[in-house]
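Novice: Please find run.txt (compact mmCIF, C-alpha atoms and all ligand atoms) on the next line:
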```
# COMPACT_ATOMS: atom_id res chain seq x y z
CA MET A 144 0.38 52.86 1.15
CA SER A 145 1.46 50.19 3.65
CA SER A 146 4.38 47.92 2.87
CA PRO A 147 3.40 45.04 0.54
CA LYS A 148 5.30 42.67 2.82
CA LYS A 149 2.68 42.97 5.53
CA LEU A 150 -0.15 42.02 3.21
CA SER A 151 -0.90 38.69 1.59
CA PRO A 152 -0.34 38.58 -2.17
CA PRO A 153 -4.07 38.75 -3.00
CA GLU A 154 -4.47 41.79 -0.70
CA ILE A 155 -1.54 43.55 -2.29
CA VAL A 156 -2.97 43.00 -5.71
CA ALA A 157 -6.37 44.31 -4.61
CA ARG A 158 -4.74 47.52 -3.33
CA GLN A 159 -2.71 47.88 -6.45
CA LEU A 160 -5.79 47.47 -8.56
CA GLU A 161 -7.53 50.32 -6.74
CA ASP A 162 -4.56 52.64 -7.35
CA PHE A 163 -4.28 51.39 -10.85
CA TYR A 164 -7.90 52.18 -11.70
CA GLU A 165 -7.43 55.71 -10.36
CA LEU A 166 -4.41 56.15 -12.58
CA ARG A 167 -6.18 54.58 -15.48
CA ARG A 168 -8.92 57.19 -15.25
CA LYS A 169 -6.30 59.95 -15.54
CA ILE A 170 -4.55 58.29 -18.48
CA VAL A 171 -7.79 57.69 -20.33
CA LYS A 172 -8.65 61.32 -19.83
CA ILE A 173 -5.38 62.41 -21.40
CA LEU A 174 -5.37 60.02 -24.29
CA THR A 175 -8.98 60.16 -25.36
CA PRO A 176 -9.34 62.47 -28.37
CA ARG A 177 -11.95 65.08 -27.66
CA ASN A 178 -13.21 68.09 -29.42
CA GLU A 179 -12.25 70.31 -26.63
CA TYR A 180 -8.79 69.00 -26.24
CA GLU A 181 -6.98 70.23 -23.20
CA GLU A 182 -3.30 69.39 -23.09
CA PRO A 183 -2.03 68.71 -19.50
CA SER A 184 0.78 70.85 -18.30
CA ALA A 185 4.32 69.50 -18.15
CA GLU A 186 3.89 69.44 -14.38
CA GLU A 187 0.78 67.29 -14.64
CA TYR A 188 2.48 64.95 -17.11
CA ARG A 189 5.43 64.45 -14.72
CA GLU A 190 3.10 63.73 -11.83
CA ILE A 191 1.22 61.11 -13.83
CA LEU A 192 4.40 59.49 -15.09
CA ASP A 193 5.92 59.38 -11.59
CA SER A 194 2.93 57.75 -10.05
CA LEU A 195 2.74 55.35 -13.03
CA GLN A 196 6.37 54.44 -12.43
CA GLU A 197 5.80 53.88 -8.72
CA ASN A 198 2.69 51.85 -9.39
CA LEU A 199 4.40 49.71 -11.97
CA GLY A 200 7.17 48.77 -9.52
CA GLU A 201 4.72 47.82 -6.83
CA MET A 202 2.54 45.97 -9.30
CA GLU A 203 5.56 44.02 -10.47
CA ASP A 204 6.42 43.04 -6.87
CA ALA A 205 2.87 42.01 -6.18
CA ALA A 206 2.65 40.06 -9.41
CA ARG A 207 5.91 38.27 -8.60
CA GLN A 208 4.63 37.30 -5.17
CA LEU A 209 1.31 36.26 -6.55
CA HIS A 210 3.09 34.16 -9.13
CA GLN A 211 5.13 32.36 -6.46
CA PHE A 212 1.98 31.83 -4.45
CA TYR A 213 0.29 30.42 -7.52
CA GLN A 214 3.19 28.09 -8.29
CA LYS A 215 3.17 26.68 -4.76
CA ALA A 216 -0.55 26.10 -4.83
CA GLU A 217 -0.30 24.53 -8.27
CA LYS A 218 2.41 22.13 -7.09
CA ARG A 219 0.35 21.07 -4.09
CA LEU A 220 -2.70 20.53 -6.22
CA GLU A 221 -0.64 18.48 -8.62
CA ARG A 222 0.66 16.33 -5.75
CA VAL A 223 -2.80 15.76 -4.38
CA LEU A 224 -4.15 14.84 -7.83
CA LYS A 225 -1.30 12.47 -8.50
CA ALA A 226 -1.48 10.98 -5.02
CA SER A 227 -4.04 8.38 -5.95
CA SER A 228 -2.02 6.68 -8.62
CA SER A 229 1.73 7.03 -8.53
CA ILE A 230 2.63 8.30 -5.11
CA TRP A 231 3.19 4.93 -3.49
CA THR A 232 5.74 3.71 -5.96
CA ARG A 233 7.79 6.83 -6.52
CA PRO A 234 11.40 6.62 -5.32
CA THR A 235 12.06 7.86 -1.82
CA GLU A 236 13.55 11.29 -1.16
CA LEU A 237 15.33 10.07 1.97
CA GLU A 238 19.13 10.22 1.99
CA PRO A 239 20.40 6.66 1.31
CA GLU A 240 21.86 6.35 4.83
CA LYS A 241 18.47 7.27 6.33
CA ILE A 242 16.48 4.56 4.52
CA PRO A 243 15.49 1.85 7.03
CA GLN A 244 17.48 -1.22 6.06
CA PHE A 245 16.03 -4.38 4.56
CA THR A 246 17.89 -7.29 6.18
CA PRO A 247 18.76 -9.70 3.34
CA ILE A 248 17.74 -13.30 4.04
CA GLU A 249 21.34 -14.50 4.39
CA ASN A 250 22.03 -11.93 7.13
CA ARG A 251 19.13 -13.05 9.33
CA PRO A 252 19.65 -15.22 12.39
CA PRO A 253 18.19 -18.78 12.17
CA ALA A 254 14.40 -19.03 12.61
CA PRO A 255 12.90 -21.66 14.99
CA GLY A 256 12.71 -24.23 12.15
CA GLY A 257 16.45 -23.82 11.46
CA ASP A 258 16.08 -21.94 8.18
CA LYS A 259 15.72 -18.16 7.80
CA THR A 260 12.46 -16.26 8.33
CA ARG A 261 10.50 -15.41 5.20
CA ILE A 262 8.23 -12.39 5.06
CA VAL A 263 5.40 -12.83 2.57
CA SER A 264 2.52 -10.61 1.40
CA PHE A 265 -0.78 -11.80 -0.09
CA ILE A 266 -2.18 -9.07 -2.29
CA ASN A 267 -4.59 -8.49 -5.12
CA LEU A 268 -6.14 -5.10 -5.86
CA LYS A 269 -9.41 -6.91 -6.53
CA GLY A 270 -11.68 -7.54 -3.54
CA GLY A 271 -13.26 -10.83 -2.56
CA VAL A 272 -10.90 -13.12 -4.51
CA GLY A 273 -9.95 -15.14 -1.42
CA LYS A 274 -6.81 -13.42 -0.10
CA THR A 275 -7.90 -13.79 3.50
CA THR A 276 -9.22 -17.34 3.03
CA LEU A 277 -6.02 -18.52 1.38
CA THR A 278 -3.77 -16.72 3.86
CA ALA A 279 -5.64 -18.14 6.88
CA ASN A 280 -5.63 -21.66 5.47
CA LEU A 281 -1.95 -21.48 4.53
CA VAL A 282 -1.18 -20.39 8.09
CA ALA A 283 -3.19 -23.38 9.30
CA ALA A 284 -1.37 -25.84 7.00
CA LEU A 285 2.10 -24.50 7.79
CA ALA A 286 1.60 -24.11 11.54
CA SER A 287 0.20 -27.62 11.87
CA GLY A 288 2.95 -29.20 9.75
CA ASN A 289 0.57 -30.16 6.96
CA PHE A 290 2.99 -29.62 4.09
CA ARG A 291 6.04 -31.21 2.48
CA ASP A 292 9.54 -29.82 2.43
CA LEU A 293 11.79 -29.44 -0.62
CA ASP A 294 12.67 -33.17 -0.52
CA GLY A 295 9.03 -34.18 -0.33
CA ARG A 296 9.24 -35.14 3.35
CA ALA A 297 6.61 -34.29 5.93
CA ASN A 298 7.62 -31.16 7.76
CA ARG A 299 7.59 -30.03 11.34
CA PRO A 300 5.01 -27.39 12.23
CA ALA A 301 6.26 -23.91 11.42
CA ARG A 302 6.01 -20.86 13.67
CA VAL A 303 3.84 -18.38 11.82
CA LEU A 304 2.82 -14.80 12.49
CA VAL A 305 -0.01 -13.40 10.37
CA VAL A 306 -0.78 -9.70 10.25
CA ASP A 307 -4.22 -8.40 9.32
CA LEU A 308 -3.74 -5.19 7.33
CA ASP A 309 -7.36 -4.68 6.28
CA PHE A 310 -9.38 -2.33 8.46
CA GLN A 311 -12.41 -4.60 7.91
CA GLY A 312 -10.61 -7.11 10.16
CA THR A 313 -12.00 -10.19 8.39
CA LEU A 314 -8.99 -12.35 9.24
CA SER A 315 -9.01 -11.13 12.86
CA GLN A 316 -12.69 -11.87 13.34
CA ARG A 317 -12.42 -15.31 11.82
CA CYS A 318 -9.16 -16.45 13.36
CA ALA A 319 -8.98 -14.91 16.85
CA GLU A 320 -11.02 -15.72 19.94
CA PRO A 321 -13.77 -13.04 20.15
CA LEU A 322 -13.08 -12.02 23.76
CA VAL A 323 -9.33 -11.83 23.20
CA LEU A 324 -9.98 -9.77 20.09
CA GLN A 325 -12.30 -7.44 21.98
CA GLY A 326 -9.57 -6.93 24.60
CA ALA A 327 -7.01 -6.07 21.91
CA TYR A 328 -9.44 -3.60 20.32
CA GLU A 329 -10.17 -1.92 23.65
CA LYS A 330 -6.47 -1.46 24.35
CA GLY A 331 -5.77 -0.30 20.80
CA LEU A 332 -3.31 -3.16 20.30
CA THR A 333 -3.84 -3.61 16.56
CA SER A 334 -1.99 -3.30 13.26
CA THR A 335 -2.82 0.44 13.32
CA LYS A 336 0.14 0.74 15.71
CA LEU A 337 2.43 -0.53 12.97
CA LEU A 338 1.87 2.77 11.15
CA GLU A 339 3.75 4.49 13.96
CA THR A 340 7.44 3.91 14.53
CA PRO A 341 8.25 1.55 17.41
CA GLY A 342 9.59 4.58 19.33
CA GLN A 343 6.31 6.49 18.93
CA THR A 344 4.08 3.82 20.41
CA GLN A 345 4.14 2.40 23.93
CA ALA A 346 3.16 -1.11 22.81
CA THR A 347 5.81 -3.79 22.44
CA PHE A 348 5.69 -6.10 19.47
CA ASP A 349 4.61 -9.11 21.54
CA GLU A 350 1.73 -7.13 23.03
CA LEU A 351 0.36 -6.61 19.54
CA THR A 352 0.00 -10.34 18.87
CA VAL A 353 -2.88 -12.61 19.95
CA PRO A 354 -3.23 -16.41 19.65
CA PHE A 355 -4.52 -17.80 16.34
CA LEU A 356 -7.54 -20.02 17.08
CA GLY A 357 -6.66 -23.69 17.38
CA LEU A 358 -3.03 -23.26 16.31
CA PRO A 359 -0.48 -23.14 19.12
CA ASN A 360 2.28 -22.33 16.62
CA ALA A 361 0.59 -19.32 15.07
CA ARG A 362 -0.10 -15.81 16.27
CA LEU A 363 -1.99 -12.93 14.75
CA ILE A 364 -1.83 -9.13 14.83
CA PRO A 365 -5.47 -8.03 14.48
CA ALA A 366 -6.86 -5.06 12.57
CA ASP A 367 -9.79 -2.79 13.35
CA GLU A 368 -11.46 0.27 11.84
CA THR A 369 -8.91 2.70 13.29
CA LEU A 370 -6.56 1.48 10.56
CA ASP A 371 -8.61 3.21 7.85
CA ASP A 372 -8.04 6.69 9.28
CA LYS A 373 -4.35 6.04 9.91
CA ASP A 374 -3.86 4.69 6.38
CA VAL A 375 -5.37 7.88 4.93
CA ARG A 376 -3.30 10.16 7.18
CA ARG A 377 -0.12 8.40 6.18
CA LEU A 378 -1.08 8.78 2.52
CA ASN A 379 -1.62 12.52 2.95
CA GLU A 380 1.67 12.94 4.75
CA LEU A 381 3.48 11.20 1.97
CA ALA A 382 1.57 13.15 -0.69
CA SER A 383 2.47 16.53 0.78
CA ARG A 384 6.05 15.28 1.28
CA ARG A 385 5.94 15.90 4.99
CA LEU A 386 6.82 12.36 6.01
CA GLU A 387 8.23 9.24 4.34
CA THR A 388 5.86 6.63 5.73
CA ARG A 389 6.51 3.60 3.55
CA TYR A 390 9.24 1.89 5.56
CA TYR A 391 7.38 1.50 8.86
CA HIS A 392 6.77 -2.24 8.59
CA ARG A 393 10.39 -2.78 7.63
CA ILE A 394 11.37 -1.02 10.87
CA TRP A 395 8.97 -3.22 12.87
CA PHE A 396 9.63 -6.60 11.27
CA HIS A 397 13.28 -6.61 10.20
CA LYS A 398 14.54 -7.26 13.68
CA PRO A 399 16.54 -10.21 15.08
CA GLU A 400 13.89 -10.91 17.74
CA ILE A 401 11.22 -11.39 15.04
CA PHE A 402 13.52 -13.50 12.87
CA GLU A 403 14.37 -15.71 15.84
CA LYS A 404 10.74 -16.20 16.80
CA TYR A 405 8.95 -16.91 13.49
CA ASP A 406 9.59 -19.05 10.41
CA PHE A 407 7.04 -17.04 8.44
CA VAL A 408 5.49 -13.60 8.71
CA PHE A 409 2.42 -13.28 6.46
CA PHE A 410 0.63 -10.04 5.61
CA ASP A 411 -3.05 -10.32 4.65
CA CYS A 412 -3.53 -7.14 2.62
CA PRO A 413 -6.63 -5.18 1.65
CA PRO A 414 -7.79 -4.97 -1.98
CA ARG A 415 -6.47 -1.40 -2.19
CA LEU A 416 -3.25 0.55 -2.31
CA THR A 417 -3.06 1.69 1.30
CA ALA A 418 -0.22 2.82 3.50
CA SER A 419 -0.31 -0.59 5.19
CA SER A 420 -0.23 -2.67 2.01
CA VAL A 421 2.62 -0.55 0.61
CA CYS A 422 4.54 -0.89 3.89
CA ALA A 423 4.00 -4.66 3.70
CA LEU A 424 5.48 -4.84 0.19
CA LEU A 425 8.54 -2.83 1.26
CA ALA A 426 9.18 -5.28 4.10
CA SER A 427 8.48 -8.48 2.11
CA ASP A 428 10.75 -11.04 0.49
CA CYS A 429 7.98 -12.39 -1.67
CA VAL A 430 4.42 -11.62 -2.77
CA PHE A 431 1.64 -14.02 -3.83
CA MET A 432 -1.50 -12.94 -5.63
CA PRO A 433 -4.70 -14.94 -5.01
CA THR A 434 -7.13 -14.53 -7.89
CA ALA A 435 -10.24 -16.11 -9.37
CA PRO A 436 -9.80 -17.74 -12.82
CA GLU A 437 -12.30 -15.35 -14.36
CA LEU A 438 -11.97 -12.92 -17.20
CA PHE A 439 -12.98 -9.94 -15.10
CA ASP A 440 -10.10 -10.63 -12.74
CA VAL A 441 -7.41 -10.33 -15.39
CA ASN A 442 -7.47 -6.50 -15.35
CA ALA A 443 -6.88 -6.43 -11.63
CA VAL A 444 -4.02 -8.87 -12.12
CA SER A 445 -2.33 -6.44 -14.55
CA ARG A 446 -2.76 -3.50 -12.21
CA THR A 447 -1.52 -5.47 -9.24
CA VAL A 448 1.57 -6.93 -10.92
CA ASN A 449 2.38 -3.54 -12.42
CA TRP A 450 2.45 -2.17 -8.88
CA PHE A 451 4.73 -5.02 -7.70
CA GLY A 452 7.12 -4.32 -10.58
CA LYS A 453 7.34 -0.59 -9.82
CA THR A 454 7.80 -1.28 -6.13
CA ARG A 455 10.62 -3.65 -6.85
CA LYS A 456 12.26 -1.21 -9.26
CA ASN A 457 11.99 1.88 -7.06
CA LEU A 458 11.77 0.75 -3.45
CA ASN A 459 12.48 -2.90 -2.65
CA SER A 460 14.90 -4.69 -4.95
CA PHE A 461 14.63 -7.82 -2.76
CA LEU A 462 10.95 -8.38 -3.55
CA GLU A 463 10.20 -11.56 -5.54
CA PHE A 464 6.95 -12.51 -7.24
CA GLY A 465 5.80 -15.84 -5.78
CA GLY A 466 2.97 -16.26 -8.29
CA ALA A 467 -0.78 -16.08 -8.79
CA ILE A 468 -2.93 -18.62 -6.92
CA LEU A 469 -6.19 -19.65 -8.57
CA ASN A 470 -9.06 -19.80 -6.09
CA ARG A 471 -12.71 -20.84 -6.47
CA THR A 472 -12.32 -23.01 -9.55
CA ASN A 473 -15.41 -24.86 -10.77
CA ASN A 474 -14.13 -28.43 -10.52
CA GLU A 475 -11.98 -30.26 -8.07
CA LYS A 476 -10.00 -32.43 -10.49
CA GLY A 477 -8.95 -29.88 -13.08
CA LEU A 478 -9.63 -26.53 -14.69
CA THR A 479 -12.43 -26.13 -17.23
CA PRO A 480 -11.35 -25.08 -20.77
CA LEU A 481 -12.50 -21.53 -20.03
CA GLU A 482 -10.53 -21.45 -16.78
CA GLU A 483 -7.45 -22.74 -18.65
CA LYS A 484 -7.88 -19.89 -21.12
CA ASN A 485 -8.15 -17.36 -18.32
CA LYS A 486 -5.18 -18.91 -16.54
CA ASN A 487 -3.13 -18.24 -19.68
CA LEU A 488 -4.36 -14.64 -19.80
CA ILE A 489 -3.35 -14.25 -16.15
CA LYS A 490 0.08 -15.72 -16.97
CA LEU A 491 0.50 -13.28 -19.86
CA ALA A 492 -0.56 -10.33 -17.71
CA CYS A 493 1.97 -11.36 -15.06
CA ASP A 494 4.76 -11.96 -17.58
CA ASP A 495 4.38 -8.41 -18.93
CA TYR A 496 5.59 -7.07 -15.61
CA ARG A 497 7.67 -9.93 -14.28
CA VAL A 498 10.61 -8.81 -16.41
CA HIS A 499 11.53 -6.72 -13.37
CA PHE A 500 11.86 -9.86 -11.28
CA SER A 501 14.94 -12.06 -11.16
CA ASP A 502 12.94 -15.31 -11.36
CA ALA A 503 10.96 -14.27 -14.45
CA SER A 504 11.88 -17.15 -16.73
CA GLU A 505 12.28 -19.91 -14.20
CA ARG A 506 8.77 -20.85 -13.21
CA SER A 507 5.19 -20.36 -14.21
CA ALA A 508 3.59 -17.13 -13.02
CA VAL A 509 0.57 -19.17 -11.89
CA LEU A 510 0.87 -21.93 -9.28
CA ASP A 511 -0.02 -25.49 -10.35
CA VAL A 512 -2.15 -26.08 -7.26
CA PHE A 513 -5.56 -24.40 -7.34
CA ILE A 514 -8.33 -24.24 -4.74
CA PRO A 515 -11.80 -25.36 -5.88
CA ARG A 516 -14.98 -23.58 -4.96
CA ARG A 517 -16.63 -25.12 -1.94
CA SER A 518 -20.34 -24.75 -1.50
CA GLY A 519 -20.69 -22.41 1.45
CA GLY A 520 -16.98 -21.82 1.90
CA ASN A 521 -17.49 -21.20 5.58
CA TYR A 522 -14.72 -21.06 8.06
CA VAL A 523 -14.43 -23.63 10.80
CA ASN A 524 -13.32 -21.71 13.80
CA GLY A 525 -11.37 -23.53 16.44
CA ILE A 526 -10.30 -26.51 14.35
CA ALA A 527 -7.68 -25.14 12.06
CA GLY A 528 -8.49 -21.50 12.67
CA GLY A 529 -10.10 -19.89 9.69
CA ALA A 530 -9.82 -22.99 7.49
CA LEU A 531 -12.32 -23.95 4.80
CA PRO A 532 -14.33 -27.12 5.54
CA GLY A 533 -12.29 -30.21 6.28
CA ALA A 534 -12.64 -31.63 2.77
CA SER A 535 -10.64 -28.66 1.43
CA GLN A 536 -7.68 -29.38 3.62
CA PRO A 537 -5.81 -31.69 1.20
CA TYR A 538 -5.86 -28.80 -1.29
CA PHE A 539 -4.37 -26.46 1.25
CA CYS A 540 -1.66 -28.99 2.17
CA ARG A 541 -0.69 -29.17 -1.49
CA LEU A 542 -0.90 -25.40 -1.82
CA ALA A 543 1.25 -24.91 1.30
CA THR A 544 3.82 -27.30 -0.19
CA GLU A 545 3.98 -25.38 -3.45
CA VAL A 546 4.04 -22.00 -1.69
CA TYR A 547 6.81 -23.31 0.63
CA ARG A 548 8.85 -24.46 -2.38
CA ARG A 549 8.44 -21.19 -4.22
CA ILE A 550 9.43 -19.25 -1.12
CA TYR A 551 12.53 -21.32 -0.45
CA GLN A 552 13.79 -22.14 -3.93
N1 LIG B 601 -12.54 -21.62 -2.40
C1 LIG B 601 -13.62 -21.04 -1.90
N2 LIG B 601 -14.82 -21.65 -1.93
C2 LIG B 601 -15.92 -21.07 -1.45
N3 LIG B 601 -15.94 -19.86 -0.90
C3 LIG B 601 -14.79 -19.19 -0.83
C4 LIG B 601 -13.57 -19.73 -1.31
N4 LIG B 601 -12.59 -18.81 -1.12
C5 LIG B 601 -13.19 -17.76 -0.54
N5 LIG B 601 -14.47 -17.97 -0.36
C6 LIG B 601 -15.46 -17.02 0.22
O1 LIG B 601 -15.45 -15.83 -0.56
C7 LIG B 601 -15.60 -14.69 0.29
C8 LIG B 601 -14.44 -13.74 0.07
O2 LIG B 601 -13.25 -14.38 0.49
P1 LIG B 601 -12.10 -13.59 1.24
O3 LIG B 601 -12.63 -12.75 2.35
O4 LIG B 601 -11.06 -14.58 1.57
O5 LIG B 601 -11.62 -12.64 0.05
P2 LIG B 601 -10.61 -11.41 0.11
O6 LIG B 601 -9.92 -11.37 -1.19
O7 LIG B 601 -9.76 -11.51 1.32
O8 LIG B 601 -11.64 -10.22 0.27
P3 LIG B 601 -11.27 -8.69 0.58
O9 LIG B 601 -10.74 -8.15 -0.70
O10 LIG B 601 -12.56 -8.08 0.98
O11 LIG B 601 -10.23 -8.71 1.65
C9 LIG B 601 -15.68 -15.23 1.71
O12 LIG B 601 -17.04 -15.31 2.07
C10 LIG B 601 -15.09 -16.62 1.63
O13 LIG B 601 -15.66 -17.50 2.59
MG MG B 602 -9.45 -10.06 2.86
```
Could you render the structure as structure tokens?
Ligand SMILES: Nc1ncnc2c1ncn2[C@@H]1O[C@H](COP(=O)(O)OP(=O)(O)OP(=O)(O)O)[C@@H](O)[C@H]1O
Ligand SMILES: [Mg+2]

Specialist:
Amino acid sequence: MSSPKKLSPPEIVARQLEDFYELRRKIVKILTPRNEYEEPSAEEYREILDSLQENLGEMEDAARQLHQFYQKAEKRLERVLKASSSIWTRPTELEPEKIPQFTPIENRPPAPGGDKTRIVSFINLKGGVGKTTLTANLVAALASGNFRDLDGRANRPARVLVVDLDFQGTLSQRCAEPLVLQGAYEKGLTSTKLLETPGQTQATFDELTVPFLGLPNARLIPADETLDDKDVRRLNELASRRLETRYYHRIWFHKPEIFEKYDFVFFDCPPRLTASSVCALLASDCVFMPTAPELFDVNAVSRTVNWFGKTRKNLNSFLEFGGAILNRTNNEKGLTPLEEKNKNLIKLACDDYRVHFSDASERSAVLDVFIPRRSGGNYVNGIAGGALPGASQPYFCRLATEVYRRIYQ
């Protein structure tokens, strides 16, 4: 028989089984009571016992190997099965000195506006709640100076960079000039590149940005469909523990040249846990959660805030919860009784998880300013890039003021 080492565990076992069945036939023959009982000779007994002994040893080896093989496969299966839920928030296995550093706000160089850059994510695991609309309009309000500072004074326009992290590219298509966007797509200069380390990709950071329509103080990193594939690959690499992929945006954005160039970096995230949205959270100082004031949205709020809490606990202790922003309310002047009720449910859902956050008791989990539903909430390209119709703008100025205060207080 050839050495078991040269065969794969299943092959070894197959061989062993053949030998074993042969042996079994002999043993059965000996042990089966028959009328004409024929006792084997001592010689025959020894032969059978020897080959049994030899077979047992080899069977044991094969079984051990097969067992190891089984354990490995089982572990991989377990990782793949768990990948969908917990993988993104589990603590890193990198040595502490190898974890890409989060630059605390106080250690950053001054931003163009004189204060320090703030990196902010807009996330809700529910789709269509207005993440992109609110992000685009907040960029417009901040970059055109349509907000008040902490003392209630009018503010100078801020320098804002907004990053589209949804492969659908809604923000990109609504807020970038179509030809410029086409050019960026053809050259592959999109947020997909952010899922490679700066050393891996030829593109410089500035090459990844395009102008934001109608706003000289804002720029945008667009997204396209290539991001979907890259997000999935990065997930698989993390799941099989081949590569720690969650710090990439920290590597890209926590750099003096970014801090010196922008007052705000905003991430418009997809309604899913993707490599990009996780990377955004690990690079962010603060996260806001746009939501509708509807009962069906409360579950998504719980799931989303639960994820923020785990991320803060395991991966980014600097992350603060900015609050939930109510979008598409029924009336302009105030919330309906039902919306008030849902607002309280949203608050409660947030408070369950906000215990992880340092600001938990200081302010309401839901912002005071809300954005009413506008019939045909279309974007007006070219005026205040991606903004809702002009009549909504006072709401966004107030929202930008409250967001600004929450970010800076
Ligand atoms: N306040 C509003 N009034 C009217 N329409 C709105 C309002 N906010 C958003 N919309 C519309 O709702 C739709 C979804 O909005 P948006 O794309 O901003 O949501 P999202 O949360 O970013 O979606 P996704 O999860 O797909 O990224 C868009 O057609 C948008 O124009
Ligand atoms: Mg969106």

Novice: Just give me the gap between CA of Pro243 in chain A and CA of Glu350 in chain A in Å, one decimal is fine.

Specialist: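 Taking CA of Pro243 in chain A and CA of Glu350 in chain A, their separation equals 22.9 Å.
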
Novice: Output as JSON lines one row per residue of chain A within 7 Å of ligand LIG 601 (chain B): the closest atom pair and its distance in Å to one decimal place, counting only C-alpha atoms and all ligand atoms, sorted by chain and residue number ascending.

Specialist:
```
{"residue": "A:Lys269", "atom": "CA", "partner": "B:LIG601", "partner_atom": "O9", "distance": 6.1}
{"residue": "A:Gly270", "atom": "CA", "partner": "B:LIG601", "partner_atom": "O9", "distance": 3.1}
{"residue": "A:Gly271", "atom": "CA", "partner": "B:LIG601", "partner_atom": "O8", "distance": 3.3}
{"residue": "A:Val272", "atom": "CA", "partner": "B:LIG601", "partner_atom": "O6", "distance": 3.9}
{"residue": "A:Gly273", "atom": "CA", "partner": "B:LIG601", "partner_atom": "O4", "distance": 3.2}
{"residue": "A:Lys274", "atom": "CA", "partner": "B:LIG601", "partner_atom": "O7", "distance": 3.8}
{"residue": "A:Thr275", "atom": "CA", "partner": "B:LIG601", "partner_atom": "O7", "distance": 3.7}
{"residue": "A:Thr276", "atom": "CA", "partner": "B:LIG601", "partner_atom": "O4", "distance": 3.6}
{"residue": "A:Leu277", "atom": "CA", "partner": "B:LIG601", "partner_atom": "O4", "distance": 6.4}
{"residue": "A:Asp309", "atom": "CA", "partner": "B:LIG601", "partner_atom": "O11", "distance": 6.8}
{"residue": "A:Thr313", "atom": "CA", "partner": "B:LIG601", "partner_atom": "O3", "distance": 6.6}
{"residue": "A:Cys412", "atom": "CA", "partner": "B:LIG601", "partner_atom": "O11", "distance": 6.9}
{"residue": "A:Pro413", "atom": "CA", "partner": "B:LIG601", "partner_atom": "O11", "distance": 5.0}
{"residue": "A:Pro414", "atom": "CA", "partner": "B:LIG601", "partner_atom": "O9", "distance": 4.5}
{"residue": "A:Asn470", "atom": "CA", "partner": "B:LIG601", "partner_atom": "N1", "distance": 5.4}
{"residue": "A:Arg471", "atom": "CA", "partner": "B:LIG601", "partner_atom": "N1", "distance": 4.1}
{"residue": "A:Ile514", "atom": "CA", "partner": "B:LIG601", "partner_atom": "N1", "distance": 5.5}
{"residue": "A:Pro515", "atom": "CA", "partner": "B:LIG601", "partner_atom": "N1", "distance": 5.2}
{"residue": "A:Arg516", "atom": "CA", "partner": "B:LIG601", "partner_atom": "N2", "distance": 3.6}
{"residue": "A:Arg517", "atom": "CA", "partner": "B:LIG601", "partner_atom": "N2", "distance": 3.9}
{"residue": "A:Ser518", "atom": "CA", "partner": "B:LIG601", "partner_atom": "C2", "distance": 5.8}
{"residue": "A:Gly519", "atom": "CA", "partner": "B:LIG601", "partner_atom": "C2", "distance": 5.7}
{"residue": "A:Gly520", "atom": "CA", "partner": "B:LIG601", "partner_atom": "N3", "distance": 3.6}
{"residue": "A:Asn521", "atom": "CA", "partner": "B:LIG601", "partner_atom": "O13", "distance": 5.1}
{"residue": "A:Tyr522", "atom": "CA", "partner": "B:LIG601", "partner_atom": "O13", "distance": 6.6}
```

Novice: Could you pull the residues within 12 Å of Leu424 in chain A, counting all atoms listed in the file, minus those fewer than 5 positions along the same chain, as a ChimeraX atom specification?

Specialist: /A:231-232,245,262-267,308,389-393,396,409-412,416-419,429-431,447-448,450-455,457-464

Novice: Could you name the residues that touch Ser445 in chain A at 10 Å or less, counting only C-alpha atoms, but leaving out those on the same chain fewer than 5 positions away, as number ranges by chain?

Specialist: A: 267-268, 440, 450-451, 488-496

Novice: Please indicate the distance in Å from CA of Ala205 in chain A to CA of Asp162 in chain A, rounded to one decimal place.

Specialist: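 Here the two named atoms are 13.0 Å from each other.
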
Novice: When you count only C-alpha atoms and all ligand atoms, which of these residues is closest to ligand MG 602 (chain B): A:Arg317, A:Lys373, A:Arg362, A:Lys330?

Specialist: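 With only C-alpha atoms and all ligand atoms as the atom set, the closest residue is A:Arg317.
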
Novice: Please report the interatomic distance between CA of Val171 in chain A and CA of Ile191 in chain A in Å with one decimal.

Specialist: 11.6 Å

Novice: Using all atoms listed in the file, find the one residue out of A:Thr479, A:Gln196, A:Asn360, A:Ser427 that sits nearest to Phe163 in chain A.

Specialist: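 Closest to Phe163 in chain A of all the choices is A:Gln196.
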
Novice: Which residues are close to Asp372 in chain A, i.e. within 10 Å by only C-alpha atoms, leaving aside same-chain residues fewer than 6 positions away? Reply as a count of residues only.

Specialist: 3

Novice: I want to know what sits within 10 Å of Met202 in chain A, based on all atoms listed in the file, with residues of the same chain fewer than 5 positions away left out; could you give that as a list in words?

Specialist: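 Result of the neighbour search: Pro147, Ile155, Val156, Arg158, Gln159, Leu160, Asp162, Phe163, Gln196, Glu197, Arg207 and Gln208 of chain A.
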
Novice: Nearest to Ala423 in chain A: which of A:Ala366, A:Ser507, A:Gln316, A:Val306 is it, counting only C-alpha atoms?

Specialist: A:Val306

Novice: When distances are computed from all atoms listed in the file, which of A:Arg506, A:Ser287, A:Ser151, A:Ala467 shows the smallest separation from Gln536 in chain A?

Specialist: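 Closest to Gln536 in chain A, using all atoms listed in the file: A:Ser287.
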